[in-house]
$ cat coords_19.txt   # compact mmCIF, C-alpha atoms (C1' of nucleotides)
# COMPACT_ATOMS: atom_id res chain seq x y z
CA MET A 1 186.80 199.79 69.91
CA PRO A 2 185.78 196.77 67.81
CA PRO A 3 186.09 197.06 64.04
CA THR A 4 183.11 198.48 62.19
CA ARG A 5 181.46 196.09 59.80
CA ILE A 6 180.17 197.34 56.47
CA GLY A 7 176.39 196.92 56.49
CA SER A 8 176.11 195.72 52.91
CA ALA A 9 178.45 192.81 53.63
CA ARG A 10 175.82 191.15 55.81
CA SER A 11 173.64 188.50 54.25
CA GLN A 12 171.66 187.92 57.46
CA LEU A 13 171.15 189.79 60.65
CA LYS A 14 170.46 188.29 64.07
CA ILE A 15 168.64 190.62 66.44
CA ALA A 16 167.95 189.65 70.05
CA THR A 17 166.23 191.12 73.08
CA PHE A 18 167.08 190.19 76.66
CA ASN A 19 165.77 191.55 79.95
CA ILE A 20 169.02 191.10 81.85
CA ASN A 21 167.67 192.12 85.29
CA ASN A 22 170.80 193.93 86.50
CA ILE A 23 173.61 194.06 83.96
CA ASN A 24 176.48 194.18 86.43
CA LYS A 25 175.10 191.43 88.63
CA ARG A 26 174.69 189.21 85.56
CA LEU A 27 177.59 190.33 83.41
CA PRO A 28 179.17 186.83 83.27
CA ASN A 29 175.82 185.39 82.12
CA LEU A 30 175.46 188.11 79.50
CA LEU A 31 179.00 187.68 78.13
CA ALA A 32 178.63 183.90 77.96
CA TRP A 33 175.35 184.25 76.06
CA LEU A 34 176.78 186.81 73.62
CA LYS A 35 179.70 184.52 72.90
CA ARG A 36 177.39 181.57 72.27
CA ALA A 37 174.45 183.22 70.50
CA LYS A 38 176.51 185.80 68.59
CA PRO A 39 173.69 188.26 67.93
CA ASP A 40 174.56 191.14 65.61
CA VAL A 41 172.32 193.37 67.70
CA ALA A 42 171.14 192.90 71.28
CA CYS A 43 168.46 194.99 72.97
CA LEU A 44 168.82 194.91 76.75
CA GLN A 45 166.40 195.97 79.47
CA GLU A 46 166.43 196.39 83.24
CA LEU A 47 170.08 197.37 83.41
CA LYS A 48 169.49 198.51 87.00
CA CYS A 49 172.63 200.59 86.93
CA GLU A 50 173.41 204.26 86.69
CA THR A 51 174.63 205.50 83.32
CA GLY A 52 178.22 205.76 84.60
CA ALA A 53 178.24 202.17 85.87
CA PHE A 54 177.48 200.53 82.51
CA PRO A 55 180.14 197.87 81.69
CA GLU A 56 181.15 199.49 78.41
CA GLN A 57 184.71 198.14 78.39
CA SER A 58 183.74 194.49 78.98
CA LEU A 59 181.21 194.67 76.15
CA ALA A 60 183.70 196.36 73.83
CA ARG A 61 186.16 193.54 74.52
CA ALA A 62 183.37 191.12 73.60
CA GLY A 63 183.06 192.91 70.25
CA TYR A 64 180.08 195.19 70.80
CA HIS A 65 179.49 198.89 70.40
CA ALA A 66 176.90 200.09 72.89
CA ALA A 67 174.42 202.87 73.56
CA TRP A 68 172.52 203.00 76.83
CA GLU A 69 170.37 204.97 79.23
CA GLY A 70 170.79 204.05 82.87
CA GLN A 71 169.22 205.15 86.10
CA LYS A 72 169.72 204.32 89.75
CA SER A 73 168.24 201.02 90.96
CA TRP A 74 165.56 200.54 88.34
CA ASN A 75 164.84 200.33 84.62
CA GLY A 76 167.62 201.14 82.15
CA VAL A 77 167.87 200.09 78.48
CA ALA A 78 170.74 199.46 76.07
CA LEU A 79 171.54 198.56 72.49
CA LEU A 80 174.58 196.46 71.65
CA ALA A 81 175.76 196.10 68.06
CA ARG A 82 178.68 194.58 66.23
CA SER A 83 178.52 197.43 63.75
CA ARG A 84 178.23 201.16 64.28
CA LEU A 85 175.08 202.52 65.83
CA ILE A 86 173.69 206.01 65.52
CA VAL A 87 171.39 206.90 68.40
CA THR A 88 168.19 208.52 67.19
CA ARG A 89 166.27 208.77 70.48
CA ARG A 90 166.92 208.23 74.20
CA PHE A 91 163.45 208.70 75.68
CA LEU A 92 159.94 207.94 74.54
CA PRO A 93 158.35 211.21 73.38
CA GLY A 94 155.07 212.55 74.70
CA ASP A 95 155.74 213.33 78.37
CA PRO A 96 158.75 215.48 79.30
CA LYS A 97 158.07 214.80 83.01
CA ASP A 98 158.67 211.05 82.53
CA GLN A 99 162.33 210.54 83.41
CA GLN A 100 162.33 206.74 83.57
CA ALA A 101 164.94 205.09 81.34
CA ARG A 102 162.71 202.83 79.29
CA TYR A 103 163.42 203.56 75.64
CA ILE A 104 166.45 203.89 73.38
CA GLU A 105 166.53 203.80 69.59
CA ALA A 106 169.32 203.73 67.02
CA ALA A 107 170.02 203.24 63.34
CA ILE A 108 172.00 200.01 62.93
CA ASN A 109 172.77 198.30 59.60
CA GLY A 110 170.18 200.46 57.90
CA ILE A 111 167.43 199.50 60.34
CA LEU A 112 165.87 201.61 63.07
CA ILE A 113 166.03 199.44 66.20
CA ALA A 114 164.46 200.26 69.57
CA SER A 115 165.11 198.63 72.93
CA LEU A 116 162.12 199.24 75.17
CA TYR A 117 161.00 198.39 78.67
CA MET A 118 157.31 198.95 79.21
CA PRO A 119 156.12 199.58 82.77
CA ASN A 120 155.10 196.51 84.76
CA GLY A 121 151.95 198.24 86.04
CA ASN A 122 151.41 196.39 89.30
CA PRO A 123 149.54 196.71 91.50
CA GLN A 124 146.42 197.30 89.49
CA PRO A 125 144.30 199.26 89.59
CA GLY A 126 146.39 202.21 90.75
CA PRO A 127 148.81 204.91 89.63
CA LYS A 128 151.37 202.42 88.35
CA PHE A 129 148.79 200.78 86.13
CA ASP A 130 147.68 204.21 84.88
CA TYR A 131 151.33 204.98 84.07
CA LYS A 132 151.60 201.70 82.15
CA LEU A 133 148.54 202.48 80.03
CA ALA A 134 149.70 206.04 79.40
CA TRP A 135 153.14 204.76 78.39
CA MET A 136 151.60 202.26 75.99
CA LYS A 137 149.52 205.03 74.45
CA ARG A 138 152.61 207.18 73.94
CA PHE A 139 154.41 204.16 72.51
CA ALA A 140 151.62 203.51 69.99
CA ARG A 141 151.78 207.12 68.89
CA HIS A 142 155.55 206.95 68.44
CA ALA A 143 155.31 203.61 66.59
CA ALA A 144 152.85 205.24 64.19
CA THR A 145 155.31 208.08 63.62
CA LEU A 146 158.07 205.59 62.85
CA LYS A 147 155.80 203.70 60.48
CA ARG A 148 155.13 206.88 58.51
CA LYS A 149 158.86 207.28 57.93
CA GLY A 150 158.71 204.22 55.68
CA VAL A 151 162.02 202.79 56.90
CA PRO A 152 162.60 199.28 58.29
CA VAL A 153 161.95 199.27 62.05
CA VAL A 154 162.39 196.71 64.84
CA LEU A 155 160.71 197.38 68.20
CA ALA A 156 162.12 194.89 70.68
CA GLY A 157 161.99 194.53 74.42
CA ASP A 158 160.07 193.62 77.52
CA PHE A 159 156.52 194.72 76.79
CA ASN A 160 155.28 193.47 80.16
CA VAL A 161 152.20 192.09 78.40
CA ALA A 162 151.26 188.45 77.85
CA PRO A 163 149.21 189.15 74.69
CA THR A 164 146.80 186.18 74.86
CA GLU A 165 146.01 183.08 76.91
CA THR A 166 148.50 181.19 74.73
CA ASP A 167 151.23 183.38 76.20
CA ILE A 168 150.81 182.16 79.77
CA TYR A 169 150.63 178.71 81.34
CA PRO A 170 147.12 177.54 82.22
CA THR A 171 146.46 179.17 85.58
CA LYS A 172 144.16 181.55 87.39
CA SER A 173 146.81 182.88 89.72
CA TRP A 174 147.72 185.80 87.42
CA GLU A 175 144.15 186.97 86.80
CA LYS A 176 144.52 190.20 88.74
CA ASP A 177 148.04 190.90 87.47
CA ALA A 178 148.75 193.93 85.27
CA LEU A 179 150.52 191.70 82.71
CA VAL A 180 147.29 190.00 81.59
CA GLN A 181 144.65 192.75 81.94
CA PRO A 182 142.34 193.51 78.99
CA GLU A 183 143.54 197.12 78.55
CA PRO A 184 147.26 196.38 78.05
CA ARG A 185 146.32 193.37 75.93
CA LYS A 186 144.15 195.59 73.76
CA ALA A 187 146.97 198.11 73.45
CA PHE A 188 149.34 195.35 72.32
CA ALA A 189 146.78 193.91 69.90
CA LYS A 190 146.32 197.33 68.37
CA LEU A 191 150.03 197.36 67.47
CA THR A 192 149.81 194.00 65.71
CA GLU A 193 146.61 195.10 63.96
CA THR A 194 148.23 198.24 62.60
CA GLY A 195 151.05 196.75 60.59
CA TRP A 196 153.47 195.52 63.24
CA THR A 197 154.33 191.82 63.15
CA ASP A 198 154.83 189.93 66.40
CA ALA A 199 157.78 187.98 64.96
CA ILE A 200 157.87 185.01 67.32
CA ARG A 201 154.08 184.51 67.24
CA SER A 202 153.99 184.80 63.44
CA LEU A 203 156.48 181.91 63.21
CA ASN A 204 154.57 179.83 65.78
CA PRO A 205 150.84 180.64 65.52
CA ASP A 206 149.59 178.27 68.23
CA LYS A 207 152.58 177.22 70.29
CA ARG A 208 152.91 178.07 73.97
CA ILE A 209 156.13 180.03 74.16
CA TYR A 210 157.45 181.70 77.28
CA THR A 211 160.25 184.19 77.85
CA PHE A 212 159.85 184.83 81.59
CA TRP A 213 159.49 182.57 84.60
CA THR A 214 159.32 184.03 88.11
CA TYR A 215 161.85 182.92 90.69
CA TRP A 216 158.98 181.62 92.82
CA ARG A 217 158.39 177.94 93.49
CA ASN A 218 160.52 176.49 90.69
CA ARG A 219 158.33 177.97 88.01
CA TYR A 220 161.02 177.52 85.38
CA GLU A 221 161.54 173.85 86.19
CA GLN A 222 157.79 173.39 85.85
CA ASP A 223 157.76 175.52 82.70
CA ARG A 224 155.09 177.80 84.08
CA GLY A 225 156.02 181.00 82.33
CA LEU A 226 154.77 183.99 80.40
CA ARG A 227 155.68 185.46 77.03
CA LEU A 228 156.45 189.09 77.81
CA ASP A 229 159.43 189.84 75.57
CA HIS A 230 158.53 190.60 71.98
CA VAL A 231 160.08 191.61 68.68
CA LEU A 232 157.82 193.71 66.46
CA LEU A 233 158.69 194.18 62.80
CA SER A 234 157.58 196.93 60.47
CA ALA A 235 155.88 195.94 57.20
CA GLN A 236 159.11 196.23 55.19
CA LEU A 237 160.88 193.75 57.46
CA GLN A 238 158.15 191.15 57.84
CA PRO A 239 158.94 189.41 54.49
CA ARG A 240 162.60 189.28 55.49
CA LEU A 241 161.95 187.27 58.67
CA LEU A 242 163.76 183.91 58.41
CA LYS A 243 163.51 182.38 61.86
CA GLY A 244 163.32 183.12 65.55
CA GLY A 245 163.34 181.56 68.98
CA VAL A 246 163.88 181.77 72.71
CA ASP A 247 167.19 180.82 74.33
CA ARG A 248 165.38 179.08 77.16
CA LYS A 249 168.41 177.41 78.68
CA VAL A 250 169.86 180.76 79.68
CA ARG A 251 167.11 180.90 82.30
CA ALA A 252 168.42 177.68 83.90
CA GLU A 253 171.92 179.02 84.54
CA SER A 254 173.03 179.91 88.03
CA ASN A 255 172.50 183.58 88.81
CA ALA A 256 170.16 183.84 85.80
CA SER A 257 167.81 186.68 85.02
CA ASP A 258 164.14 185.76 85.32
CA HIS A 259 163.84 186.36 81.55
CA ALA A 260 165.40 184.44 78.64
CA PRO A 261 166.70 186.04 75.43
CA VAL A 262 164.45 186.17 72.36
CA TRP A 263 166.06 186.34 68.91
CA ILE A 264 165.18 186.61 65.24
CA GLU A 265 167.11 186.38 62.00
CA ILE A 266 166.29 188.52 59.00
CA SER A 267 167.67 188.33 55.50
CA GLY A 268 169.83 191.08 54.04
CA SER A 269 168.08 193.87 52.19
C1' DA B 1 147.82 185.26 100.10
C1' DT B 2 151.73 183.24 98.75
C1' DG B 3 156.26 182.48 96.47
C1' DT B 4 161.97 184.75 95.09
C1' DC B 5 165.42 187.95 94.54
C1' DA B 6 168.02 192.25 94.98
C1' DC B 7 168.44 196.90 96.33
C1' DA B 8 168.36 200.99 99.47
C1' DT B 9 168.07 202.61 103.77
C1' DG B 10 171.46 204.39 107.55
C1' DT B 11 169.70 198.12 108.90
C1' DT B 12 171.61 194.12 111.52
C1' DA B 13 165.68 194.32 109.62
C1' DT B 14 162.22 196.30 106.56
C1' DG B 15 159.94 198.18 102.35
C1' DT B 16 159.59 198.15 97.57
C1' DG B 17 159.73 196.78 92.91
C1' DA B 18 159.51 193.16 89.76
$ encode --input "coords_19.txt" --output "structure tokens"
Amino acid sequence: MPPTRIGSARSQLKIATFNINNINKRLPNLLAWLKRAKPDVACLQELKCETGAFPEQSLARAGYHAAWEGQKSWNGVALLARSRLIVTRRFLPGDPKDQQARYIEAAINGILIASLYMPNGNPQPGPKFDYKLAWMKRFARHAATLKRKGVPVVLAGDFNVAPTETDIYPTKSWEKDALVQPEPRKAFAKLTETGWTDAIRSLNPDKRIYTFWTYWRNRYEQDRGLRLDHVLLSAQLQPRLLKGGVDRKVRAESNASDHAPVWIEISGS
DNA sequence: ATGTCACATGTTATGTGA
């Protein structure tokens, strides 16, 4: 295992989120990005592998401890960290019947960090959209619980919501899509109105920023994307936010995921 | 309506999920 770093020795912390869209299929891409970007913590989504097939050894050789929840074919979330991580939760509370691997949370460097993968919700309307809205409701409830704890919290992942018209290229072709519907947008807005900071948007109030481009019709080359991957900060962390961005070029690599990594840097406590 | 990609089935294509 990689050496454990003492939390207090850090002056800054880089936290990233990346929907990898099949971790084994894209392991070379992931390792190359980790080596280049050197995040202290990486939240991953859409592992698309069973728990036993997670590439723990490769990531350990790259210098990362890991915690993950996998499932066959779909979903799956992980947390990678250079320092020790203590898992605090493996499923979103509120519905014991929901077995989808979409949420994992751990204490890392004195911060509670969650990697989350909200449901896509298509087609809408329909049961999948209902599941998305129910999941978002449960998530809001859990976020409120975390807030009451009064500890620094980062909620990072693929929210499957383009929060406003600035988070999607000018088009009408997505109008019926679950990612831009009023209800999920309202649910996301409620988070940012109740003390959670959308880190990337707070650093760039008006800029069009995308984190996802479909594989269809060279959408990346035309920069017709959506901002779906977000990093939310609790009130204690907001003043510590130094910078943030999207590693867009990762999306241009061969065999790339359809998402690009999003990262932030926060100052030490 | 379409586009692309990958997976699972028990296929040599088809559906499904994103």
$ interface_residues --input "coords_19.txt" --of "chain A" --to "chain B" --cutoff "6 Å" --atoms "all atoms listed in the file" --output "ChimeraX atom specification"
/A:215-217
$ atom_distance --input "coords_19.txt" --atom1 "CA of Tyr220 in chain A" --atom2 "CA of Leu31 in chain A"
21.9 Å
$ residues_around --input "coords_19.txt" --residues "range 121-129 of chain A" --least-positions-apart "2" --cutoff "7 Å" --atoms "all atoms listed in the file" --output "PDB file with C-alpha atoms, in the frame of the given file"
ATOM      1  CA  PRO A 119     156.120 199.580  82.770  1.00  0.00           C
ATOM      2  CA  TYR A 131     151.330 204.980  84.070  1.00  0.00           C
ATOM      3  CA  LYS A 132     151.600 201.700  82.150  1.00  0.00           C
ATOM      4  CA  LEU A 133     148.540 202.480  80.030  1.00  0.00           C
ATOM      5  CA  ASP A 177     148.040 190.900  87.470  1.00  0.00           C
ATOM      6  CA  ALA A 178     148.750 193.930  85.270  1.00  0.00           C
TER       7      ALA A 178
END
$ residues_around --input "coords_19.txt" --residues "Leu241 in chain A" --least-positions-apart "3" --cutoff "8 Å" --atoms "only C-alpha atoms (C1' of nucleotides)" --output "ChimeraX atom specification"
/A:199,237-238,264-267
$ residues_around --input "coords_19.txt" --residues "range 153-167 of chain A" --least-positions-apart "2" --cutoff "7 Å" --atoms "all atoms listed in the file" --output "PyMOL selection string"
chain A and resi 17+19+43+45+111-120+151+169+179-180+184-185+188+208-210+226-234
$ atom_distance --input "coords_19.txt" --atom1 "CA of Ala16 in chain A" --atom2 "CA of Lys243 in chain A"
11.8 Å
$ closest_residue --input "coords_19.txt" --among "A:Ser58, A:Ser83, A:Thr88, A:Thr51" --to "Ala32 in chain A" --atoms "only C-alpha atoms"
A:Ser58
$ atom_distance --input "coords_19.txt" --atom1 "CA of Ala78 in chain A" --atom2 "CA of Ala106 in chain A"
10.1 Å
$ build_atoms --input "coords_19.txt" --residues "range 243-261 of chain A" --atoms "N, CA and C atoms" --output "mmCIF file, in the coordinates of the input"
data_model
loop_
_atom_site.group_PDB
_atom_site.id
_atom_site.type_symbol
_atom_site.label_atom_id
_atom_site.label_comp_id
_atom_site.auth_asym_id
_atom_site.auth_seq_id
_atom_site.Cartn_x
_atom_site.Cartn_y
_atom_site.Cartn_z
ATOM 1 N N LYS A 243 163.816 183.242 60.730
ATOM 2 C CA LYS A 243 163.510 182.380 61.860
ATOM 3 C C LYS A 243 163.635 183.137 63.164
ATOM 4 N N GLY A 244 163.257 182.477 64.241
ATOM 5 C CA GLY A 244 163.320 183.120 65.550
ATOM 6 C C GLY A 244 163.151 182.111 66.645
ATOM 7 N N GLY A 245 163.479 182.491 67.877
ATOM 8 C CA GLY A 245 163.340 181.560 68.980
ATOM 9 C C GLY A 245 163.637 182.194 70.320
ATOM 10 N N VAL A 246 163.587 181.350 71.343
ATOM 11 C CA VAL A 246 163.880 181.770 72.710
ATOM 12 C C VAL A 246 165.041 180.915 73.217
ATOM 13 N N ASP A 247 166.070 181.556 73.739
ATOM 14 C CA ASP A 247 167.190 180.820 74.330
ATOM 15 C C ASP A 247 166.844 180.430 75.766
ATOM 16 N N ARG A 248 165.934 179.454 75.862
ATOM 17 C CA ARG A 248 165.380 179.080 77.160
ATOM 18 C C ARG A 248 166.415 178.675 78.191
ATOM 19 N N LYS A 249 167.457 177.997 77.729
ATOM 20 C CA LYS A 249 168.410 177.410 78.680
ATOM 21 C C LYS A 249 169.162 178.459 79.479
ATOM 22 N N VAL A 250 169.211 179.664 78.949
ATOM 23 C CA VAL A 250 169.860 180.760 79.680
ATOM 24 C C VAL A 250 169.184 180.970 81.039
ATOM 25 N N ARG A 251 167.872 180.697 81.071
ATOM 26 C CA ARG A 251 167.110 180.900 82.300
ATOM 27 C C ARG A 251 167.481 179.873 83.377
ATOM 28 N N ALA A 252 168.069 178.750 82.956
ATOM 29 C CA ALA A 252 168.420 177.680 83.900
ATOM 30 C C ALA A 252 169.794 177.866 84.521
ATOM 31 N N GLU A 253 170.570 178.816 84.014
ATOM 32 C CA GLU A 253 171.920 179.020 84.540
ATOM 33 C C GLU A 253 171.867 179.517 85.984
ATOM 34 N N SER A 254 172.977 179.320 86.695
ATOM 35 C CA SER A 254 173.030 179.910 88.030
ATOM 36 C C SER A 254 173.139 181.423 87.888
ATOM 37 N N ASN A 255 172.502 182.116 88.807
ATOM 38 C CA ASN A 255 172.500 183.580 88.810
ATOM 39 C C ASN A 255 171.768 184.174 87.600
ATOM 40 N N ALA A 256 170.841 183.400 87.029
ATOM 41 C CA ALA A 256 170.160 183.840 85.800
ATOM 42 C C ALA A 256 169.180 184.974 86.069
ATOM 43 N N SER A 257 168.931 185.756 85.025
ATOM 44 C CA SER A 257 167.810 186.680 85.020
ATOM 45 C C SER A 257 166.518 185.863 85.036
ATOM 46 N N ASP A 258 165.403 186.499 85.390
ATOM 47 C CA ASP A 258 164.140 185.760 85.320
ATOM 48 C C ASP A 258 163.562 185.731 83.901
ATOM 49 N N HIS A 259 164.225 186.413 82.961
ATOM 50 C CA HIS A 259 163.840 186.360 81.550
ATOM 51 C C HIS A 259 164.890 185.586 80.747
ATOM 52 N N ALA A 260 164.474 185.059 79.595
ATOM 53 C CA ALA A 260 165.400 184.440 78.640
ATOM 54 C C ALA A 260 165.471 185.316 77.394
ATOM 55 N N PRO A 261 166.584 185.245 76.661
ATOM 56 C CA PRO A 261 166.700 186.040 75.430
ATOM 57 C C PRO A 261 165.778 185.526 74.325
#
